[in-house]
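Peer 1: I'd like to ask some things about the structure below.
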Amino acid sequence: MRNQVEKYLNKLLAHGLIDAREDCALYGLDDEISTNLDRVPGEVERLFEILSISSLVHARPGRDLWRIITALCDESLLLITPRDSESLTFIHDIPVVDTFDPDQIACALNRRKGCIVRDSGIVTLGSVSVEQAFIVLSSICFACFVKYFSDILNTICEFSPEIRPEHAHFEQALELLDGFRPPSGINDLPARIPDTEEGIVHAMDITGKLMVSRRLVDSFFGNISCLKGDDLYISQTGSSLDELPGYIDRVPLDGSSTCDLTSSSELMAHLRIYELTGHRLIIHGHPKFSVIMSMFGGELPFGQRRSVGGIPVVSGEVGAGRRGLMHTLPEALVEGHAAIVSGHGTFLSDAASFSNAFERLSAIEHRCYETYFETLRKNGIEVP
Amino acid sequence: MDRPLTSLKGWYIDLEKREARPGELPDDVSRAFLGGRGIGSWFLGACPTADPLAHDAPLVFATGQLTGSRIPASGRTAISAFSPLTNTICSCSVGGRLAIEMRKAGADFIHITGRAETELVMTIDNSGVTFEEAHLAADLPLSEVFASLARQGGSTAAIGPGAKAGCRYASIMVDGTYASGRGGLGLVMASRNLRALNVMGTSRLTSVDRAGEEAARTDIIRLFDASPAIMGRSGLKNFGTATLVDLMASRRMMPTANFRRTYFEGYRAFSAPTLARHGRVTHHACHGCPIACKKRTDTSLPEFETLSHFGALNENNDLASIIEANRLCNEAGIDTITAASTIACLAEIRQTRYTGAALVEKVKEIVTGKGDGELLRLGSALMARELGVPELSMSVKSLELPAYDPRGAYGMALAYGTSTRGACHLRAYPIAHEILRKPVATDRFSFSGKARIIKIAEDLNSVVDSIGACKFAFLGASLEEYAKGFSAVTGLELDTQDLLRIGDTISSLERHINTLRGFTRADDMLPQRFYTEAGTNGPGIEIPPIDRAAFEEALDRYYRIRGCNPDGTLTEIRTRGIALCATR
């Protein structure tokens, strides 16, 4: 348990979700509480008494991220309702409470897996492991980021300057934007698909790690697959992009095995993409500005498309349901080998090169970031 | 006629007097125990030391308060009684249309005591309860029993030749193919001289908050769609539970040769893709379930546990014989897991193998009582004891282990021990996180954190079984969404943590009842084999024996978390709290 606490503390730091180790307390409970603190605060002991849970994380997000979240709290009062599809599916909405009072927090966590505490940060829980609380925390940060910048863009574009409502956060948003510029840099990922299983796993591993270390995505926001002969190698559901070895399924294409029961929920979309494109690898992630710009223009009715920066944006929900992205995305990838699922994330396919696919994922995020600025300028906002 | 979904009404049946008395549970009872399994356990708590076959010990059919709503996968019935196989409290969650018909007939529970003088068929509809002489031959196969009793639009629960012949693991079958399989509740029904229960209801059920119900439904369906285990290419929707065969083999936790090994080379003979080629497969669902995990061709296809145990556990790679063994068990109304495990146990005792036609012959012997039939009808624990080798029964509290080898998943190992009905995979279902990675993956070879995980999961599943929901739904959705649905449907403002507290009460009450029936810490231990013999290693996978000391430490932690003494009995303060709830 102590190992889990240490591992996810380090991840929070590595992902930039917190600024310093002191900004986060993690607790894992079996019959005794393990924590990174010297002692367990009485309020937390009380929470573990009230709630039937096995883990709790209380973190104050990094400075700029926290400014975003507090701004949303100011507007939303009791509840923040995200609109991106991952958040809608998995966290639904985010309760807001005033102080780190166990009863207030318990009241919020009785119905949701995480909440925002105005005076101290985010509190999340898990019934199985510390990882669960970590994922919820990461998801809340993502949901708030996307909602904040989406709302601002929508407000600016919805109203002409003369009738635009006063928005206290315009200046703050512009100030913050520069700090969230997607990182650049060359990559040394393989330019061709390795011949061996070990090579493919290694290529997927370093690609996933680079997606996370470049902060294009957090650990759990994406998946990768690669074809070799009659087998597909694909990351498992809920696997961490920066810890893929051991968590990649080998799936026979002929359907002779059901071992893909643990594969990514996007397996069926991947298979259809391969069928239509003839490509051999796919990477998928949820870079923030790609998601934000894909939502610009309002909800996209199922089956319709638009584009952002020349990249097709399609509708579709997570997984294999009737309105699942497997019905809309694959055709969009045939043309430009890249598409964004509205409110969800970017998919790239490539014939051979992990390097090219990654580069395009990164380039699309940059393009969406720039498009965000351009859209502000077009609507009369002075952008530095 | 509309009826609200909130109140819990039902029937108290005295078969000896052929009397049916309507009853309504007090609000505080339905709030404290919800329905389904919770209500069943509450009823059984009134006579905690009763003999399973005593006529004053109740046999309870109970529905959950979600049944009849638009909340998906919420059409399960809980059947509860004391088990003649294990002597523990026992409850089975069963599908089909029984729950919805009971709700529409205004029978949220049916509490049965007494023994009818002659064998009866009982019918419940909106006008009340009627009894008819059964006039059915004892050895009549269940398909014919169902054919003779079928009513338009109704649902039937019946027992077969297995129960009539005194098999200790006889099941109650519902609507032909759905089994209340474990623990021998069919024998309890036979002991009351009740052959079948027909239910037909016509009321329209209405929720308190239709908009809230629809919102919860939307959230749940979205999560089902996002779950590879439910709607994925190899999910339950496409392949049913048979989809687990490949995964269990690849993880080297497929019980083989009466648990002497954990990998069976011939598993592909009964894997889901092989079954899919067996004929034109059709998909069948319990009421209101979009998953439709039940698969049929011209016959009902075996579930994962049945495939694995009539297959690997008996070292049998002959699919036709597995399907035939399953059909025979369904026609006779006997539990496939215990039947297959008892045959595998006998095979080990005799140092032989029963495969193909020989396996089918052994099942026929159970049904007819010929050959080894009388012996096999005892279940593996009693049979092995009678043969002087009790250690060869792979059971906990006399209930045989299902098809997940505990050496390959330590949470599963602990859950087999702590389950209140014996070695049951469904009381905590740690396979969800140890294998299927839901809600997140845990280290399957570690006991770290597992005591609390198992305790919380037991409480969760007590709730699931008490609101009428299906456990498979929780491979996608969580109690968070179901709590929202429950509140919308019933108007009872119960959140996730309220429901888990109720689940704790139900789980703890069951443990307390078992204590009163003489069960102790020793009964929470696994068979010795799992602590001393290794499983079968695979590529990058080592399956050592379970460290007994580590298991016992995890059990100690579980007891502390559950509020038990080191001997597994509830502490005095917990006992008082539970007794207070149980005597409402």
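Letters A, B, ... go to the chains of the structure tokens in the order shown; residues in each chain start at 1; ligands are counted from 1 in the same order.
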Find the spatial neighbours of range 345-348 of chain A, counting only C-alpha atoms, within a cut-off of 8 Å - ignore same-chain residues fewer than 3 positions away - and output them as an mmCIF file with C-alpha atoms, in the first residue's frame.
Peer 2:
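Listed below is the output, selection-v5.cif:
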data_model
loop_
_atom_site.group_PDB
_atom_site.id
_atom_site.type_symbol
_atom_site.label_atom_id
_atom_site.label_comp_id
_atom_site.auth_asym_id
_atom_site.auth_seq_id
_atom_site.Cartn_x
_atom_site.Cartn_y
_atom_site.Cartn_z
ATOM 1 C CA ILE A 282 -2.814 3.746 -34.414
ATOM 2 C CA ILE A 283 -2.190 6.140 -31.592
ATOM 3 C CA HIS A 284 -4.946 7.866 -29.716
ATOM 4 C CA GLY A 285 -4.815 10.501 -27.018
ATOM 5 C CA HIS A 286 -6.822 13.277 -25.429
ATOM 6 C CA PRO A 287 -4.654 16.385 -25.890
ATOM 7 C CA SER A 290 -7.637 19.241 -29.597
ATOM 8 C CA VAL A 291 -10.551 18.313 -27.371
ATOM 9 C CA LEU A 333 -9.388 8.502 -41.016
ATOM 10 C CA HIS A 337 -5.202 9.557 -41.519
ATOM 11 C CA ALA A 338 -6.146 11.768 -38.597
ATOM 12 C CA ALA A 339 -9.413 12.770 -37.008
ATOM 13 C CA ILE A 340 -10.706 14.161 -33.748
ATOM 14 C CA VAL A 341 -13.740 12.705 -32.032
ATOM 15 C CA SER A 342 -15.693 15.652 -30.708
ATOM 16 C CA ALA A 357 2.108 9.304 -35.953
ATOM 17 C CA ARG A 360 1.165 14.449 -36.208
ATOM 18 C CA LEU A 361 -0.588 14.012 -32.852
#
Peer 1: Using only C-alpha atoms, what table do you get, as CSV, when you list each residue of chain B with an atom no more than 7 Å from chain A, its nearest pair of atoms, and their distance in Å rounded to one decimal, rows by chain then rising number?
Peer 2:
residue,atom,partner,partner_atom,distance
B:Asp219,CA,A:Thr89,CA,6.7
B:Arg222,CA,A:Thr89,CA,6.4
B:Leu223,CA,A:Thr89,CA,6.4
B:Asp225,CA,A:Gly321,CA,4.8
B:Ala226,CA,A:Gly319,CA,4.2
B:Ser227,CA,A:Ser265,CA,6.1
B:Pro228,CA,A:Ser265,CA,5.0
B:Ala229,CA,A:Leu261,CA,5.5
B:Met231,CA,A:Ala320,CA,6.2
B:Gly232,CA,A:Ala320,CA,6.3
B:Arg233,CA,A:Met268,CA,6.5
B:Ser234,CA,A:Thr258,CA,5.3
B:Gly235,CA,A:Leu261,CA,6.1
B:Thr243,CA,A:Thr258,CA,5.8
B:Asp246,CA,A:Cys259,CA,5.8
B:Leu247,CA,A:Cys259,CA,5.3
B:Pro273,CA,A:Ser256,CA,5.8
B:Leu436,CA,A:Thr262,CA,5.7
B:Arg437,CA,A:Gly238,CA,6.9
B:Val440,CA,A:Gln132,CA,6.3
B:Ser448,CA,A:Met1,CA,6.3
B:Gly449,CA,A:Asp30,CA,4.8
B:Ala451,CA,A:Asp30,CA,6.3
B:Arg452,CA,A:Asp30,CA,5.1
B:Ile453,CA,A:Val128,CA,5.5
B:Ile456,CA,A:Ser52,CA,6.7
B:Glu480,CA,A:Arg111,CA,5.9
B:Asp495,CA,A:Arg111,CA,5.7
B:Thr496,CA,A:Asn110,CA,5.5
B:Gln497,CA,A:Asn110,CA,5.3
B:Arg557,CA,A:Asp31,CA,5.7
B:Arg560,CA,A:Asp31,CA,6.9
B:Ile561,CA,A:Asp31,CA,6.0
Peer 1: Give me, as a PyMOL selection string, all polymer residues having an atom no more than 10 Å from Glu265 in chain B, counting only C-alpha atoms and skipping those fewer than 4 positions away in the same chain.
Peer 2: chain B and resi 249+256+269+312+315+317
Peer 1: Take the selection from the previous step and output its residues with N, CA and C atoms, as a CSV table (one decimal), in the first residue's frame.
Peer 2:
chain,number,residue,atom,x,y,z
B,249,ALA,N,-7.5,-19.4,-19.2
B,249,ALA,CA,-6.4,-20.3,-19.7
B,249,ALA,C,-5.1,-19.5,-19.8
B,256,THR,N,-7.8,-27.4,-13.3
B,256,THR,CA,-7.7,-28.6,-14.1
B,256,THR,C,-7.4,-29.8,-13.2
B,269,ALA,N,-11.2,-26.4,-27.1
B,269,ALA,CA,-12.3,-27.2,-27.5
B,269,ALA,C,-13.6,-26.7,-27.0
B,312,ALA,N,-12.1,-28.6,-18.3
B,312,ALA,CA,-10.7,-28.7,-17.7
B,312,ALA,C,-10.7,-29.4,-16.4
B,315,GLU,N,-10.5,-32.8,-17.2
B,315,GLU,CA,-9.6,-33.1,-18.3
B,315,GLU,C,-10.3,-33.6,-19.5
B,317,ASN,N,-11.8,-32.7,-23.2
B,317,ASN,CA,-11.8,-31.7,-24.3
B,317,ASN,C,-12.9,-32.1,-25.4
Peer 1: Give me the residues within 9 Å of Ala78 in chain B as a list in words, counting only C-alpha atoms and dropping any in the same chain fewer than 2 places off.
Peer 2: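 Contacts, with the query itself left out: Gly35, Gly36, Arg37, Gly38, Gly40, Val60, Phe61, Ala62, Thr63, Gly64, Arg76, Ser80, Ser91, Cys92, Ser93, Val94, Ala99, Ser180, Asp465, Ser466 and Gly468 of chain B.
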Peer 1: Using N, CA, C and O atoms, can you export the residues from the last selection as a PDB file, in the first residue's frame?
Peer 2:
ATOM      1  N   GLY B  35     -34.757  -5.382  -0.170  1.00  0.00           N
ATOM      2  CA  GLY B  35     -35.514  -6.351  -0.968  1.00  0.00           C
ATOM      3  C   GLY B  35     -34.613  -7.531  -1.288  1.00  0.00           C
ATOM      4  O   GLY B  35     -33.561  -7.697  -0.665  1.00  0.00           O
ATOM      5  N   GLY B  36     -34.998  -8.361  -2.239  1.00  0.00           N
ATOM      6  CA  GLY B  36     -34.150  -9.437  -2.738  1.00  0.00           C
ATOM      7  C   GLY B  36     -33.439 -10.223  -1.659  1.00  0.00           C
ATOM      8  O   GLY B  36     -34.048 -10.711  -0.703  1.00  0.00           O
ATOM      9  N   ARG B  37     -32.126 -10.347  -1.814  1.00  0.00           N
ATOM     10  CA  ARG B  37     -31.323 -11.119  -0.858  1.00  0.00           C
ATOM     11  C   ARG B  37     -31.395 -10.550   0.559  1.00  0.00           C
ATOM     12  O   ARG B  37     -31.410 -11.294   1.540  1.00  0.00           O
ATOM     13  N   GLY B  38     -31.443  -9.214   0.660  1.00  0.00           N
ATOM     14  CA  GLY B  38     -31.495  -8.588   1.986  1.00  0.00           C
ATOM     15  C   GLY B  38     -32.728  -9.032   2.760  1.00  0.00           C
ATOM     16  O   GLY B  38     -32.646  -9.383   3.953  1.00  0.00           O
ATOM     17  N   GLY B  40     -34.495 -11.711   2.122  1.00  0.00           N
ATOM     18  CA  GLY B  40     -34.357 -13.154   2.364  1.00  0.00           C
ATOM     19  C   GLY B  40     -33.542 -13.421   3.620  1.00  0.00           C
ATOM     20  O   GLY B  40     -33.924 -14.230   4.479  1.00  0.00           O
ATOM     21  N   VAL B  60     -37.567 -18.358   0.586  1.00  0.00           N
ATOM     22  CA  VAL B  60     -38.030 -17.008   0.247  1.00  0.00           C
ATOM     23  C   VAL B  60     -37.673 -16.665  -1.198  1.00  0.00           C
ATOM     24  O   VAL B  60     -36.514 -16.805  -1.607  1.00  0.00           O
ATOM     25  N   PHE B  61     -38.654 -16.245  -1.950  1.00  0.00           N
ATOM     26  CA  PHE B  61     -38.435 -15.640  -3.261  1.00  0.00           C
ATOM     27  C   PHE B  61     -38.638 -14.134  -3.068  1.00  0.00           C
ATOM     28  O   PHE B  61     -39.694 -13.736  -2.562  1.00  0.00           O
ATOM     29  N   ALA B  62     -37.668 -13.330  -3.462  1.00  0.00           N
ATOM     30  CA  ALA B  62     -37.838 -11.882  -3.257  1.00  0.00           C
ATOM     31  C   ALA B  62     -37.241 -11.094  -4.414  1.00  0.00           C
ATOM     32  O   ALA B  62     -36.183 -11.446  -4.940  1.00  0.00           O
ATOM     33  N   THR B  63     -37.928 -10.037  -4.782  1.00  0.00           N
ATOM     34  CA  THR B  63     -37.461  -9.185  -5.882  1.00  0.00           C
ATOM     35  C   THR B  63     -36.809  -7.930  -5.324  1.00  0.00           C
ATOM     36  O   THR B  63     -36.939  -7.622  -4.141  1.00  0.00           O
ATOM     37  N   GLY B  64     -36.155  -7.201  -6.208  1.00  0.00           N
ATOM     38  CA  GLY B  64     -35.561  -5.932  -5.801  1.00  0.00           C
ATOM     39  C   GLY B  64     -36.431  -4.776  -6.256  1.00  0.00           C
ATOM     40  O   GLY B  64     -37.252  -4.921  -7.167  1.00  0.00           O
ATOM     41  N   ARG B  76     -33.545  -9.330 -11.586  1.00  0.00           N
ATOM     42  CA  ARG B  76     -33.136 -10.564 -10.909  1.00  0.00           C
ATOM     43  C   ARG B  76     -34.017 -10.874  -9.689  1.00  0.00           C
ATOM     44  O   ARG B  76     -34.474  -9.977  -8.997  1.00  0.00           O
ATOM     45  N   SER B  80     -33.788 -17.482  -1.303  1.00  0.00           N
ATOM     46  CA  SER B  80     -32.985 -17.660  -0.089  1.00  0.00           C
ATOM     47  C   SER B  80     -33.553 -18.767   0.786  1.00  0.00           C
ATOM     48  O   SER B  80     -34.772 -18.926   0.895  1.00  0.00           O
ATOM     49  N   SER B  91     -28.248 -17.778  -0.602  1.00  0.00           N
ATOM     50  CA  SER B  91     -29.123 -16.995  -1.467  1.00  0.00           C
ATOM     51  C   SER B  91     -28.579 -17.065  -2.877  1.00  0.00           C
ATOM     52  O   SER B  91     -27.371 -17.011  -3.079  1.00  0.00           O
ATOM     53  N   CYS B  92     -29.462 -17.231  -3.853  1.00  0.00           N
ATOM     54  CA  CYS B  92     -29.052 -17.267  -5.257  1.00  0.00           C
ATOM     55  C   CYS B  92     -29.782 -16.176  -6.022  1.00  0.00           C
ATOM     56  O   CYS B  92     -30.980 -15.980  -5.830  1.00  0.00           O
ATOM     57  N   SER B  93     -29.050 -15.502  -6.895  1.00  0.00           N
ATOM     58  CA  SER B  93     -29.654 -14.499  -7.770  1.00  0.00           C
ATOM     59  C   SER B  93     -29.952 -15.180  -9.098  1.00  0.00           C
ATOM     60  O   SER B  93     -29.062 -15.756  -9.715  1.00  0.00           O
ATOM     61  N   VAL B  94     -31.200 -15.111  -9.547  1.00  0.00           N
ATOM     62  CA  VAL B  94     -31.573 -15.844 -10.755  1.00  0.00           C
ATOM     63  C   VAL B  94     -32.282 -14.911 -11.733  1.00  0.00           C
ATOM     64  O   VAL B  94     -33.006 -13.998 -11.324  1.00  0.00           O
ATOM     65  N   ALA B  99     -38.843 -12.192 -11.676  1.00  0.00           N
ATOM     66  CA  ALA B  99     -38.892 -10.969 -10.860  1.00  0.00           C
ATOM     67  C   ALA B  99     -39.935  -9.986 -11.382  1.00  0.00           C
ATOM     68  O   ALA B  99     -40.722  -9.441 -10.607  1.00  0.00           O
ATOM     69  N   SER B 180     -31.191 -21.151 -10.402  1.00  0.00           N
ATOM     70  CA  SER B 180     -30.800 -20.771  -9.053  1.00  0.00           C
ATOM     71  C   SER B 180     -29.959 -21.951  -8.593  1.00  0.00           C
ATOM     72  O   SER B 180     -30.463 -22.901  -8.013  1.00  0.00           O
ATOM     73  N   ASP B 465     -27.605  -7.634  -5.108  1.00  0.00           N
ATOM     74  CA  ASP B 465     -28.555  -8.749  -5.024  1.00  0.00           C
ATOM     75  C   ASP B 465     -29.863  -8.350  -4.337  1.00  0.00           C
ATOM     76  O   ASP B 465     -30.844  -9.085  -4.410  1.00  0.00           O
ATOM     77  N   SER B 466     -29.859  -7.228  -3.669  1.00  0.00           N
ATOM     78  CA  SER B 466     -31.049  -6.818  -2.923  1.00  0.00           C
ATOM     79  C   SER B 466     -31.898  -5.791  -3.660  1.00  0.00           C
ATOM     80  O   SER B 466     -33.045  -5.560  -3.289  1.00  0.00           O
ATOM     81  N   GLY B 468     -32.202  -6.080  -7.017  1.00  0.00           N
ATOM     82  CA  GLY B 468     -32.637  -6.773  -8.237  1.00  0.00           C
ATOM     83  C   GLY B 468     -31.707  -6.588  -9.416  1.00  0.00           C
ATOM     84  O   GLY B 468     -32.057  -6.931 -10.546  1.00  0.00           O
TER      85      GLY B 468
END
Peer 1: Looking only at strand (DSSP E or B) from DSSP on the backbone, list the matching residues of range 109-184 of chain A as a VMD selection string.
Peer 2: chain A and resid 114 to 117 121 to 126
Peer 1: Find the residues around range 153-158 of chain A up to 8 Å (only C-alpha atoms counted), leave out those fewer than 3 positions away in its own chain, and share them as a PyMOL selection string.
Peer 2: chain A and resi 149-150+161+164+296-297+372+375-376+379
Peer 1: Write out as a PyMOL selection string each polymer residue whose atoms come within 7 Å of Ala242 in chain B, counting only C-alpha atoms; drop sequence neighbours fewer than 5 positions from it.
Peer 2: chain B and resi 271-272+303-304
Peer 1: For Ser120 in chain A, which of A:Asp84, A:Ser139, A:Thr70, A:Gly380 is the closest residue, counting only C-alpha atoms?
Peer 2: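 The shortest atom-to-atom distance to Ser120 in chain A comes from A:Thr70.
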Peer 1: Contacts of Val96 in chain A at 10 Å or less, counting only C-alpha atoms, minus same-chain residues fewer than 3 places along, as an NGL selection string?
Peer 2: :A and (70 or 72-74 or 76-80 or 93 or 99 or 104-105 or 108 or 114-118 or 122)
Peer 1: Given the choices B:Leu399, B:Ala483, B:Ala423, B:Cys470, which gets closest to Ser74 in chain B if the distance is worked out from only C-alpha atoms?
Peer 2: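 Going through B:Leu399, B:Ala483, B:Ala423, B:Cys470 one by one, the smallest distance to Ser74 in chain B is for B:Cys470.
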Peer 1: Between CA of Ala163 in chain B and CA of Ala358 in chain B, what is the spacing in Å?
Peer 2: 22.9 Å
